[in-house]
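Enquirer: What follows is start-v2.cif, mmCIF, C-alpha atoms and all ligand atoms.
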```cif
data_target
#
loop_
_atom_site.label_atom_id
_atom_site.label_comp_id
_atom_site.auth_asym_id
_atom_site.auth_seq_id
_atom_site.Cartn_x
_atom_site.Cartn_y
_atom_site.Cartn_z
CA MET L 1 133.74 94.73 139.81
CA LYS L 2 134.60 93.23 136.43
CA VAL L 3 132.81 95.17 133.69
CA GLY L 4 132.99 94.16 130.02
CA ILE L 5 132.28 96.88 127.48
CA ILE L 6 131.24 95.92 123.93
CA GLY L 7 130.58 98.37 121.11
CA TRP L 8 132.66 101.13 122.72
CA ARG L 9 133.91 102.60 119.42
CA GLY L 10 130.54 102.93 117.69
CA MET L 11 128.50 106.10 117.78
CA VAL L 12 126.60 105.35 121.00
CA GLY L 13 129.67 103.63 122.49
CA SER L 14 131.90 106.66 121.85
CA VAL L 15 129.45 108.93 123.66
CA LEU L 16 129.20 106.38 126.47
CA MET L 17 133.01 106.31 126.83
CA GLN L 18 133.15 110.11 126.85
CA ARG L 19 130.47 110.34 129.56
CA MET L 20 132.03 107.53 131.65
CA ARG L 21 135.40 109.30 131.58
CA GLU L 22 133.83 112.69 132.45
CA SER L 23 131.86 111.15 135.32
CA GLY L 24 134.70 109.07 136.79
CA ASP L 25 132.76 105.84 136.18
CA PHE L 26 135.94 103.85 135.52
CA ASP L 27 137.18 104.46 139.07
CA GLY L 28 136.81 101.31 141.12
CA ILE L 29 135.88 98.99 138.26
CA GLU L 30 138.03 96.59 136.25
CA ALA L 31 136.98 97.39 132.69
CA SER L 32 137.66 95.01 129.78
CA PHE L 33 136.98 96.03 126.22
CA PHE L 34 135.67 93.71 123.53
CA SER L 35 135.49 93.89 119.75
CA THR L 36 133.70 91.90 117.07
CA SER L 37 136.31 92.90 114.49
CA ALA L 38 139.67 93.65 116.11
CA ALA L 39 140.36 91.20 118.98
CA GLY L 40 144.01 91.41 120.01
CA GLU L 41 144.45 95.00 118.83
CA PRO L 42 145.11 97.66 121.48
CA GLY L 43 141.93 98.80 123.26
CA PRO L 44 141.15 102.32 124.49
CA GLU L 45 143.35 103.86 127.15
CA VAL L 46 141.68 103.93 130.55
CA GLY L 47 143.46 104.91 133.77
CA GLY L 48 146.81 105.07 131.93
CA LYS L 49 146.47 101.43 130.78
CA ARG L 50 145.78 100.05 127.34
CA GLU L 51 144.90 96.34 127.23
CA PRO L 52 144.41 94.24 124.08
CA LEU L 53 140.80 93.93 122.93
CA LEU L 54 138.98 90.71 123.80
CA ASP L 55 136.88 88.80 121.29
CA ALA L 56 133.22 89.83 121.64
CA PHE L 57 132.14 86.29 120.62
CA ASP L 58 134.37 84.54 123.19
CA GLN L 59 131.88 83.04 125.65
CA GLU L 60 134.54 82.30 128.24
CA ALA L 61 135.82 85.88 128.26
CA LEU L 62 132.24 87.18 128.43
CA ARG L 63 131.32 84.80 131.27
CA ALA L 64 134.25 86.17 133.29
CA GLN L 65 132.48 89.56 133.54
CA GLU L 66 130.13 90.46 136.37
CA VAL L 67 128.54 93.18 134.27
CA ILE L 68 128.44 93.57 130.49
CA ILE L 69 127.53 96.89 128.92
CA THR L 70 126.93 96.65 125.19
CA CYS L 71 126.32 99.22 122.47
CA GLN L 72 127.28 96.75 119.76
CA GLY L 73 123.81 96.22 118.31
CA GLY L 74 120.97 93.74 118.36
CA ALA L 75 122.51 91.12 116.06
CA HIS L 76 125.48 90.65 118.39
CA THR L 77 123.19 90.56 121.44
CA LEU L 78 121.04 87.84 119.89
CA GLU L 79 124.17 85.88 118.97
CA VAL L 80 125.89 85.85 122.37
CA TYR L 81 123.31 86.63 125.07
CA PRO L 82 121.11 83.47 124.89
CA LYS L 83 124.22 81.24 124.98
CA LEU L 84 125.57 83.12 128.00
CA ARG L 85 122.31 82.70 129.92
CA GLU L 86 121.95 79.04 128.83
CA ALA L 87 125.45 78.42 130.18
CA GLY L 88 124.29 79.76 133.56
CA TRP L 89 125.94 83.20 133.45
CA ASP L 90 124.01 85.31 135.95
CA GLY L 91 125.82 88.61 135.53
CA TYR L 92 124.15 91.93 134.73
CA TRP L 93 123.58 92.73 131.04
CA ILE L 94 123.08 96.42 130.16
CA ASP L 95 122.20 96.93 126.49
CA ALA L 96 121.56 99.86 124.12
CA ALA L 97 119.94 97.69 121.45
CA ARG L 98 116.26 96.95 121.09
CA ALA L 99 116.71 93.15 120.83
CA LEU L 100 115.79 92.34 124.45
CA ARG L 101 113.73 95.42 125.33
CA MET L 102 110.31 93.78 125.27
CA ASP L 103 111.36 90.53 127.02
CA SER L 104 109.37 89.98 130.20
CA GLN L 105 112.66 89.52 132.12
CA THR L 106 114.01 92.93 131.00
CA VAL L 107 113.65 96.29 132.74
CA LEU L 108 113.91 99.46 130.62
CA ILE L 109 116.16 102.08 132.19
CA LEU L 110 115.41 105.80 132.42
CA ASP L 111 116.09 106.39 136.09
CA PRO L 112 114.90 110.02 136.51
CA VAL L 113 111.51 108.77 135.29
CA ASN L 114 111.35 105.17 136.52
CA MET L 115 113.74 104.66 139.45
CA PRO L 116 111.06 102.72 141.41
CA VAL L 117 110.69 100.30 138.47
CA ILE L 118 114.48 99.81 138.33
CA HIS L 119 114.77 99.29 142.09
CA ARG L 120 111.87 96.85 142.08
CA GLY L 121 113.59 94.95 139.25
CA LEU L 122 116.88 94.79 141.15
CA ARG L 123 115.10 93.57 144.30
CA ASP L 124 113.26 90.92 142.23
CA GLY L 125 116.54 89.65 140.79
CA VAL L 126 116.28 91.13 137.28
CA LYS L 127 119.68 90.92 135.58
CA THR L 128 118.91 92.42 132.14
CA PHE L 129 118.49 96.15 131.66
CA CYS L 130 117.98 97.89 128.32
CA GLY L 131 118.19 101.52 127.30
CA PRO L 132 114.87 102.49 125.68
CA ASN L 133 114.24 104.07 122.31
CA CYS L 134 115.74 107.57 122.14
CA THR L 135 112.57 109.42 121.11
CA VAL L 136 110.52 107.79 123.85
CA SER L 137 113.14 108.56 126.52
CA LEU L 138 113.39 112.21 125.50
CA MET L 139 109.60 112.64 125.53
CA LEU L 140 109.18 111.00 128.95
CA LEU L 141 111.97 113.09 130.47
CA GLY L 142 110.33 116.26 129.13
CA ILE L 143 106.84 115.48 130.48
CA ASP L 144 108.06 113.64 133.59
CA GLY L 145 106.37 116.16 135.93
CA LEU L 146 102.97 115.71 134.26
CA LEU L 147 103.30 111.91 134.38
CA LYS L 148 104.32 111.89 138.03
CA ALA L 149 101.31 114.10 138.85
CA ASP L 150 99.19 111.50 136.99
CA LEU L 151 97.71 114.23 134.78
CA VAL L 152 98.21 112.59 131.38
CA GLU L 153 95.30 110.89 129.61
CA TRP L 154 97.05 110.55 126.24
CA VAL L 155 99.85 112.12 124.19
CA SER L 156 100.23 112.64 120.46
CA ALA L 157 103.88 113.20 119.54
CA MET L 158 104.87 114.53 116.12
CA THR L 159 108.61 114.05 115.89
CA TYR L 160 111.45 115.78 114.08
CA GLN L 161 114.23 113.18 114.33
CA ALA L 162 117.91 113.62 113.65
CA ALA L 163 120.05 111.71 111.15
CA SER L 164 122.12 110.22 114.01
CA GLY L 165 119.19 108.00 114.97
CA ALA L 166 119.85 106.08 111.75
CA GLY L 167 123.62 105.83 112.36
CA ALA L 168 126.93 107.53 111.69
CA ARG L 169 126.87 106.88 107.95
CA HIS L 170 123.55 108.69 107.64
CA MET L 171 124.98 111.74 109.43
CA ARG L 172 127.86 111.79 106.96
CA GLU L 173 125.51 111.46 104.01
CA LEU L 174 123.34 114.33 105.24
CA ILE L 175 126.39 116.62 105.18
CA SER L 176 127.40 115.31 101.75
CA GLN L 177 123.89 116.04 100.48
CA MET L 178 124.07 119.60 101.84
CA GLY L 179 127.47 120.03 100.18
CA HIS L 180 126.24 118.66 96.86
CA ILE L 181 123.25 121.01 96.77
CA HIS L 182 125.39 123.99 97.68
CA ALA L 183 128.15 123.13 95.22
CA GLU L 184 125.67 123.05 92.34
CA SER L 185 123.86 126.26 93.29
CA ALA L 186 126.67 128.38 94.80
CA ARG L 187 127.27 130.44 91.66
CA LEU L 188 123.58 131.35 91.43
CA VAL L 189 123.27 132.06 95.18
CA GLU L 190 126.26 134.39 95.18
CA ASP L 191 124.96 136.44 92.25
CA PRO L 192 122.39 138.88 93.73
CA ALA L 193 120.78 139.30 90.30
CA THR L 194 119.72 135.64 90.05
CA SER L 195 116.00 134.97 90.33
CA ILE L 196 115.03 132.94 93.40
CA LEU L 197 113.01 130.64 91.13
CA ASP L 198 116.17 129.83 89.14
CA ILE L 199 117.98 128.98 92.39
CA ASP L 200 115.04 126.88 93.54
CA ARG L 201 114.97 125.01 90.20
CA GLN L 202 118.69 124.30 90.46
CA VAL L 203 118.31 123.00 94.02
CA ILE L 204 115.51 120.60 93.11
CA ASP L 205 117.41 119.47 90.01
CA SER L 206 120.40 118.70 92.25
CA MET L 207 118.22 116.83 94.74
CA ARG L 208 116.60 114.73 92.00
CA GLY L 209 119.74 114.30 89.90
CA ASP L 210 122.08 111.31 89.71
CA GLY L 211 124.84 113.12 91.62
CA MET L 212 122.84 113.39 94.87
CA PRO L 213 124.41 111.03 97.45
CA ILE L 214 121.52 108.83 98.67
CA GLY L 215 123.29 105.49 99.24
CA GLU L 216 122.34 105.33 102.94
CA LEU L 217 119.17 107.39 103.26
CA GLY L 218 117.68 106.26 99.95
CA VAL L 219 116.23 109.72 99.25
CA PRO L 220 117.29 113.35 99.85
CA LEU L 221 117.14 114.49 103.48
CA ALA L 222 118.97 117.80 103.07
CA GLY L 223 116.36 120.33 101.94
CA SER L 224 113.67 117.69 102.49
CA LEU L 225 112.39 115.27 105.14
CA ILE L 226 111.43 111.60 105.42
CA PRO L 227 108.10 110.81 107.10
CA TRP L 228 108.92 107.13 107.66
CA ILE L 229 111.38 105.67 110.23
CA ASP L 230 112.07 101.92 110.61
CA GLN L 231 109.87 99.06 109.40
CA ALA L 232 106.09 98.90 109.03
CA VAL L 233 104.13 97.27 111.84
CA ASP L 234 100.41 96.55 112.07
CA GLY L 235 97.79 99.27 111.71
CA GLY L 236 99.81 101.54 109.43
CA GLN L 237 102.29 102.52 112.11
CA THR L 238 106.06 102.44 111.78
CA ARG L 239 108.02 100.53 114.42
CA GLU L 240 109.41 103.86 115.65
CA GLU L 241 105.84 105.09 116.25
CA TRP L 242 104.82 101.80 117.93
CA LYS L 243 107.70 102.09 120.41
CA ALA L 244 106.05 105.11 122.04
CA ILE L 245 103.14 103.12 123.43
CA ALA L 246 104.99 99.82 123.91
CA GLU L 247 108.28 101.03 125.40
CA GLY L 248 106.80 104.18 126.96
CA ASN L 249 104.41 102.19 129.15
CA LYS L 250 107.01 99.52 129.92
CA ILE L 251 109.39 102.24 131.16
CA LEU L 252 106.61 103.62 133.36
CA GLY L 253 105.66 100.15 134.60
CA ARG L 254 102.10 100.79 133.41
CA GLU L 255 101.59 97.93 130.99
CA ALA L 256 98.35 97.03 132.80
CA ARG L 257 96.77 100.48 132.27
CA PRO L 258 98.76 101.98 129.39
CA ILE L 259 98.74 105.63 128.43
CA PRO L 260 98.10 105.94 124.67
CA PHE L 261 101.20 107.56 123.18
CA ASP L 262 100.92 107.84 119.39
CA GLY L 263 101.91 110.11 116.54
CA LEU L 264 103.98 110.37 113.38
CA CYS L 265 107.78 110.05 113.35
CA VAL L 266 109.63 112.10 110.77
CA ARG L 267 113.34 112.21 109.93
CA VAL L 268 114.60 115.77 109.39
CA GLY L 269 117.97 117.23 108.51
CA SER L 270 119.30 117.82 112.02
CA MET L 271 122.41 116.01 113.17
CA ARG L 272 121.85 114.46 116.65
CA CYS L 273 118.93 116.15 118.41
CA HIS L 274 115.39 114.86 118.21
CA ALA L 275 112.56 117.37 118.64
CA GLN L 276 108.90 116.58 119.27
CA GLY L 277 105.70 118.59 119.03
CA LEU L 278 103.34 117.22 121.67
CA THR L 279 99.59 117.41 122.07
CA ILE L 280 98.87 116.32 125.62
CA LYS L 281 95.34 115.49 126.74
CA LEU L 282 95.18 116.13 130.47
CA ASN L 283 92.67 114.31 132.60
CA ARG L 284 91.62 117.60 134.21
CA ASP L 285 91.96 121.33 133.65
CA VAL L 286 95.06 122.60 135.46
CA PRO L 287 96.34 126.18 135.14
CA LEU L 288 99.25 126.59 132.73
CA SER L 289 101.52 128.05 135.43
CA GLU L 290 101.06 124.90 137.53
CA LEU L 291 101.82 122.69 134.54
CA GLU L 292 104.99 124.66 133.84
CA ALA L 293 106.08 124.31 137.46
CA LEU L 294 105.50 120.54 137.33
CA VAL L 295 107.60 120.17 134.15
CA ASP L 296 110.35 122.38 135.53
CA GLY L 297 110.55 120.70 138.91
CA ALA L 298 110.33 117.04 137.92
CA ASN L 299 113.98 116.27 137.30
CA GLU L 300 117.33 118.00 136.97
CA TRP L 301 117.31 118.11 133.17
CA ALA L 302 113.82 119.12 132.01
CA HIS L 303 113.29 122.87 132.13
CA VAL L 304 110.71 125.23 130.73
CA ILE L 305 111.54 127.73 128.01
CA PRO L 306 109.10 130.68 128.11
CA ASN L 307 106.68 130.68 125.19
CA GLU L 308 108.24 133.79 123.69
CA PRO L 309 109.98 134.22 120.32
CA GLU L 310 113.51 135.06 121.39
CA ALA L 311 113.71 132.52 124.21
CA THR L 312 112.21 129.84 121.96
CA LYS L 313 114.59 130.46 119.07
CA ALA L 314 117.60 130.68 121.37
CA GLY L 315 116.86 127.72 123.62
CA LEU L 316 114.62 125.22 121.89
CA SER L 317 116.58 124.06 118.87
CA PRO L 318 119.03 121.27 118.01
CA ALA L 319 121.68 123.97 117.52
CA ALA L 320 121.20 125.05 121.16
CA VAL L 321 120.86 121.61 122.75
CA THR L 322 123.41 119.38 120.99
CA GLY L 323 126.02 117.96 123.37
CA LYS L 324 123.99 118.86 126.48
CA LEU L 325 121.97 116.72 128.85
CA ASP L 326 119.29 119.46 129.08
CA ILE L 327 115.75 118.64 127.97
CA PRO L 328 114.16 122.05 127.29
CA VAL L 329 110.37 122.07 127.02
CA GLY L 330 108.70 125.09 125.49
CA ARG L 331 105.83 126.37 123.35
CA MET L 332 103.61 125.38 126.28
CA ARG L 333 100.07 126.69 125.95
CA LYS L 334 96.49 125.60 126.30
CA MET L 335 95.09 124.72 122.88
CA HIS L 336 91.84 125.89 121.30
CA LEU L 337 90.74 122.24 121.43
CA GLY L 338 89.80 122.83 125.09
CA PRO L 339 91.28 123.62 128.52
CA GLU L 340 92.49 120.04 129.00
CA TYR L 341 94.59 120.11 125.83
CA LEU L 342 98.19 121.23 126.28
CA ALA L 343 100.63 121.98 123.46
CA ALA L 344 104.35 121.57 124.15
CA TYR L 345 107.56 121.17 122.19
CA THR L 346 110.73 119.52 123.43
CA VAL L 347 114.27 118.90 122.16
CA GLY L 348 116.97 116.52 123.37
CA ASP L 349 120.34 115.12 122.33
CA GLN L 350 119.47 111.61 121.25
CA LEU L 351 122.98 110.26 121.80
CA LEU L 352 123.08 111.42 125.44
CA TRP L 353 119.77 110.87 127.25
CA GLY L 354 118.52 109.08 124.14
CA ALA L 355 121.20 106.38 124.18
CA ALA L 356 124.39 106.48 126.28
CA GLU L 357 123.41 108.23 129.50
CA PRO L 358 120.86 105.70 130.84
CA LEU L 359 123.45 102.92 130.37
CA ARG L 360 126.23 104.56 132.41
CA ARG L 361 123.76 105.60 135.10
CA MET L 362 122.53 102.00 135.35
CA LEU L 363 126.07 100.91 136.17
CA VAL L 364 126.18 103.54 138.94
CA ILE L 365 122.78 102.40 140.29
CA LEU L 366 123.93 98.78 140.18
CA ARG L 367 127.12 99.56 142.10
CA GLU L 368 125.08 101.38 144.75
CA HIS L 369 122.63 98.48 144.93
CA LEU L 370 125.41 95.91 145.32
CA GLY L 371 127.49 98.13 147.61
CA ARG L 372 130.47 97.91 145.24
P1 LIG L 401 127.53 101.91 115.20
O1 LIG L 401 128.03 103.31 115.25
O2 LIG L 401 127.30 101.31 113.85
O3 LIG L 401 128.58 101.00 116.01
C1 LIG L 401 128.35 99.60 116.21
C2 LIG L 401 129.67 98.84 116.01
O4 LIG L 401 130.09 98.88 114.65
C3 LIG L 401 130.87 99.37 116.74
O5 LIG L 401 130.83 99.03 118.09
C4 LIG L 401 132.01 98.67 116.00
O6 LIG L 401 132.18 97.36 116.54
C5 LIG L 401 131.47 98.54 114.59
N1 LIG L 401 132.17 99.40 113.62
C6 LIG L 401 132.48 99.01 112.37
N2 LIG L 401 133.10 100.00 111.72
C7 LIG L 401 133.20 101.04 112.56
C8 LIG L 401 133.77 102.34 112.46
N3 LIG L 401 134.35 102.77 111.35
N4 LIG L 401 133.69 103.15 113.53
C9 LIG L 401 133.10 102.73 114.67
N5 LIG L 401 132.58 101.51 114.82
C10 LIG L 401 132.60 100.66 113.78
O7 LIG L 401 126.15 101.73 115.99
P2 LIG L 401 125.43 102.74 117.01
O8 LIG L 401 124.68 103.78 116.26
O9 LIG L 401 126.41 103.14 118.05
O10 LIG L 401 124.32 101.77 117.65
C11 LIG L 401 124.65 100.71 118.50
C12 LIG L 401 123.40 100.11 119.11
O11 LIG L 401 122.75 101.08 119.89
C13 LIG L 401 122.35 99.64 118.09
O12 LIG L 401 121.70 98.50 118.55
C14 LIG L 401 121.39 100.76 118.03
O13 LIG L 401 120.10 100.35 117.63
C15 LIG L 401 121.39 101.20 119.48
N6 LIG L 401 120.95 102.57 119.67
C16 LIG L 401 121.36 103.50 118.79
C17 LIG L 401 120.95 104.78 118.97
C18 LIG L 401 121.36 105.83 117.99
O14 LIG L 401 120.84 106.88 118.06
N7 LIG L 401 122.31 105.61 117.09
C19 LIG L 401 120.14 105.14 120.05
C20 LIG L 401 119.77 104.17 120.97
C21 LIG L 401 120.20 102.88 120.76
P3 LIG L 401 133.60 96.63 116.66
O15 LIG L 401 134.50 97.53 117.44
O16 LIG L 401 133.25 95.37 117.37
O17 LIG L 401 134.06 96.44 115.25
#
```
Give the structure from this file in structure tokens form.
Ligand code: NAP

Expert:
Amino acid sequence: MKVGIIGWRGMVGSVLMQRMRESGDFDGIEASFFSTSAAGEPGPEVGGKREPLLDAFDQEALRAQEVIITCQGGAHTLEVYPKLREAGWDGYWIDAARALRMDSQTVLILDPVNMPVIHRGLRDGVKTFCGPNCTVSLMLLGIDGLLKADLVEWVSAMTYQAASGAGARHMRELISQMGHIHAESARLVEDPATSILDIDRQVIDSMRGDGMPIGELGVPLAGSLIPWIDQAVDGGQTREEWKAIAEGNKILGREARPIPFDGLCVRVGSMRCHAQGLTIKLNRDVPLSELEALVDGANEWAHVIPNEPEATKAGLSPAAVTGKLDIPVGRMRKMHLGPEYLAAYTVGDQLLWGAAEPLRRMLVILREHLGR
């Protein structure tokens, strides 16, 4: 099977490459690597071989692939994909970007949650598969058991999203901001006689001062947060917030009777894990122990963290979850709003299940489907 990989050196692409190597996904495929900027330069080493990079705008080279996996970004997709299809290319296109997600001919891929939707798409001849928004994927994986039991009337998700969701440069800037604040307050912090209000004043002066690096984020994120992600859409929502209802229901194949997923999306100073505080309205009163068992048993990755201080602090943070496929779900309790209202909190690595993992698993599903 000839598989073209575009965007392999970006942030999502690097994680994809790492996971494909770890999982042996290159065995039995003929992988070609493309670049928008360095065609002809040596590509990554795979299976002891290092081939020159192909031009990611070369229609002929793209048409020669049976499958294209791209993490290059929406602008590149919109540049090359329509021309490929117009020229009659009927290969499989697997994409991390949002550009084609809401097309009627596209299936969104999150196989632990929506394998029947993916299989139905393959049987119906769908050839375009897109990884969904990271926050939506991580939420659906966490509450998969409740969705499969058809217990969910609506969900409000309040998010705590990592810098990585905005890109590698934003992650770098977050660290630079932390360093800048510390550099300007270190002398005061180290002196035990300094008043905390003097330290606090120095920190806010640093954050508001000209030396604070804000070229990418636009405002301080270190020591602060940003309650706005992506562009505005109708009704006062951000696009990130809109994706929950739009992409969430498309993933579930429930566009005809959508579950309202809504909330506020907030950027915080974590590196690559998104966390979400969920208020879940159940459609009937179910004992908490049963709800926990449903969450725990739904898929291999979601697991319940007991609603206790030590377990929560140890297991339910970006520091604990980064680099892992686990989707811990904790702080589960019935709320004072009523017995049908469930509180929960979940964390996930947004570069793994939130971006790269669904793409590599789609290639595996496709190979099984085609018997290749
Ligand atoms: P990225 O890190 O900016 O990489 C995209 C491309 O930029 C690379 O493939 C590379 O293409 C080029 N590039 C230029 N300078 C580079 C450098 N110094 N290092 C590495 N690459 C460089 O983008 P990304 O965050 O991976 O996102 C890719 C797509 O996935 C986007 O559509 C995004 O919306 C989507 N997505 C992102 C996330 C996320 O959390 N970041 C989650 C889900 C989906 P060439 O090799 O062709 O030059």

Enquirer: Residues within 9 Å of ligand LIG 401 (chain L) should be enumerated using all atoms listed in the file and returned as a ChimeraX atom specification.

Expert: /L:6-15,34-39,55-56,70-77,95-99,131-135,162-169,272,350-352,354-356

Enquirer: Between L:His182, L:His336, L:Arg85, L:Lys250, single out the one closest to Ile118 in chain L, counting only C-alpha atoms.

Expert: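 That would be L:Lys250, the residue with the smallest distance to Ile118 in chain L.
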
Enquirer: Expressed in Å to a single decimal, how great is the separation between CA of Glu173 in chain L and CA of Arg267 in chain L?

Expert: 13.6 Å

Enquirer: Considering all atoms listed in the file, state which residue in the set L:Asn299, L:Thr322, L:Gln276, L:Ser270 is at the smallest distance from Ile175 in chain L.

Expert: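 Looking only at the distances to Ile175 in chain L, the closest residue turns out to be L:Ser270.
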
Enquirer: May I have the residues within 7 Å of Asn249 in chain L as a list in words, using only C-alpha atoms and disregarding those fewer than 4 positions away in the same chain?

Expert: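 These residues fall inside the cut-off: Ile245, Gly253, Arg254, Glu255, Pro258 and Ile259 of chain L.
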
Enquirer: Need to verify the contact set: Leu53 in chain L, 6 Å, only C-alpha atoms, exclusion of same-chain residues closer than 2 positions in sequence. Can you return it as a list in words?

Expert: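 The residues that qualify are Phe33, Phe34, Ala39, Gly40, Glu41, Pro42 and Gly43 of chain L.
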
Enquirer: Can you write just those residues out, C-alpha atoms, as a CSV table (one decimal), in the coordinates of the input?

Expert:
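Generated file (selection.csv):
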```csv
chain,number,residue,atom,x,y,z
L,33,PHE,CA,137.0,96.0,126.2
L,34,PHE,CA,135.7,93.7,123.5
L,39,ALA,CA,140.4,91.2,119.0
L,40,GLY,CA,144.0,91.4,120.0
L,41,GLU,CA,144.4,95.0,118.8
L,42,PRO,CA,145.1,97.7,121.5
L,43,GLY,CA,141.9,98.8,123.3
```

Enquirer: I need every residue sitting at most 9 Å from the point (105.4, 118.5, 124.7) (coordinates as in the file, all atoms listed in the file considered), written as number ranges by chain.

Expert: L: 139, 142-143, 155-157, 276-280, 329-332, 342-346

Enquirer: Just the residues within 12 Å of Asp150 in chain L, please, counting all atoms listed in the file, with nothing from its chain fewer than 2 positions along; format it as a list of chain:residue names.

Expert: L:Ile143, L:Asp144, L:Gly145, L:Leu146, L:Leu147, L:Lys148, L:Val152, L:Glu153, L:Trp154, L:Leu252, L:Arg254, L:Ile259, L:Lys281, L:Leu282, L:Asn283, L:Arg284, L:Val286, L:Leu291, L:Leu294

Enquirer: Just the residues within 8 Å of Gln65 in chain L, please, counting all atoms listed in the file, with nothing from its chain fewer than 5 positions along; format it as a list of chain:residue names.

Expert: L:Lys2, L:Val3, L:Gly4, L:Gly91

Enquirer: For Val268 in chain L, which of L:Asp198, L:Ile68, L:Leu174, L:Pro339 is the closest residue, counting all atoms listed in the file?

Expert: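 When distances to Val268 in chain L are compared using all atoms listed in the file, the smallest one comes from L:Leu174.
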
Enquirer: Could you jot down the CA of Pro260 in chain L to CA of Ile327 in chain L separation for me, Å, one decimal place?

Expert: 22.0 Å

Enquirer: Considering all atoms listed in the file, can you say which of L:Arg187, L:Arg201, L:Lys49, L:Lys83 comes closest to Leu62 in chain L?

Expert: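 Selected residue with least distance to Leu62 in chain L: L:Lys83.
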
Enquirer: Would you pick out the contacts of Met20 in chain L at 12 Å or less, using all atoms listed in the file, so that residues sharing its chain but fewer than 2 positions from it are not included, and give the list as a list in words?

Expert: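 Close residues of Met20 in chain L: Ile5, Trp8, Gly13, Ser14, Val15, Leu16, Met17, Gln18, Glu22, Ser23, Gly24, Asp25, Phe26, Asp27, Ile29, Ala31, Val46, Gly47, Ile69, Leu352, Ala356, Glu357, Pro358, Leu359, Arg360, Arg361, Met362, Leu363 and Val364 of chain L.
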
Enquirer: Using Å and a single decimal, report how far CA of Met158 in chain L sits from CA of Gly218 in chain L.

Expert: 22.2 Å

Enquirer: List every protein, DNA or RNA residue that has at least one atom no more than 8 Å from (117.5, 107.9, 132.4) in the file's coordinates, counting all atoms listed in the file, and write the result as number ranges by chain.

Expert: L: 109-114, 137, 141, 353, 357-358, 361

Enquirer: Of the candidates L:Thr312, L:Trp228, L:His369, L:Leu78, which shows the shortest atom-to-atom distance to Gly121 in chain L, using all atoms listed in the file?

Expert: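 With all atoms listed in the file as the atom set, the closest residue is L:His369.
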
Enquirer: Around all of range 219-237 of chain L's listed atoms, make the axis-aligned box with 8 Å on each side and tell me centre and edge lengths in Å to one decimal, as lines of an AutoDock Vina configuration file.

Expert:
```
center_x = 108.4
center_y = 108.4
center_z = 105.7
size_x = 37.2
size_y = 39.8
size_z = 28.9
```
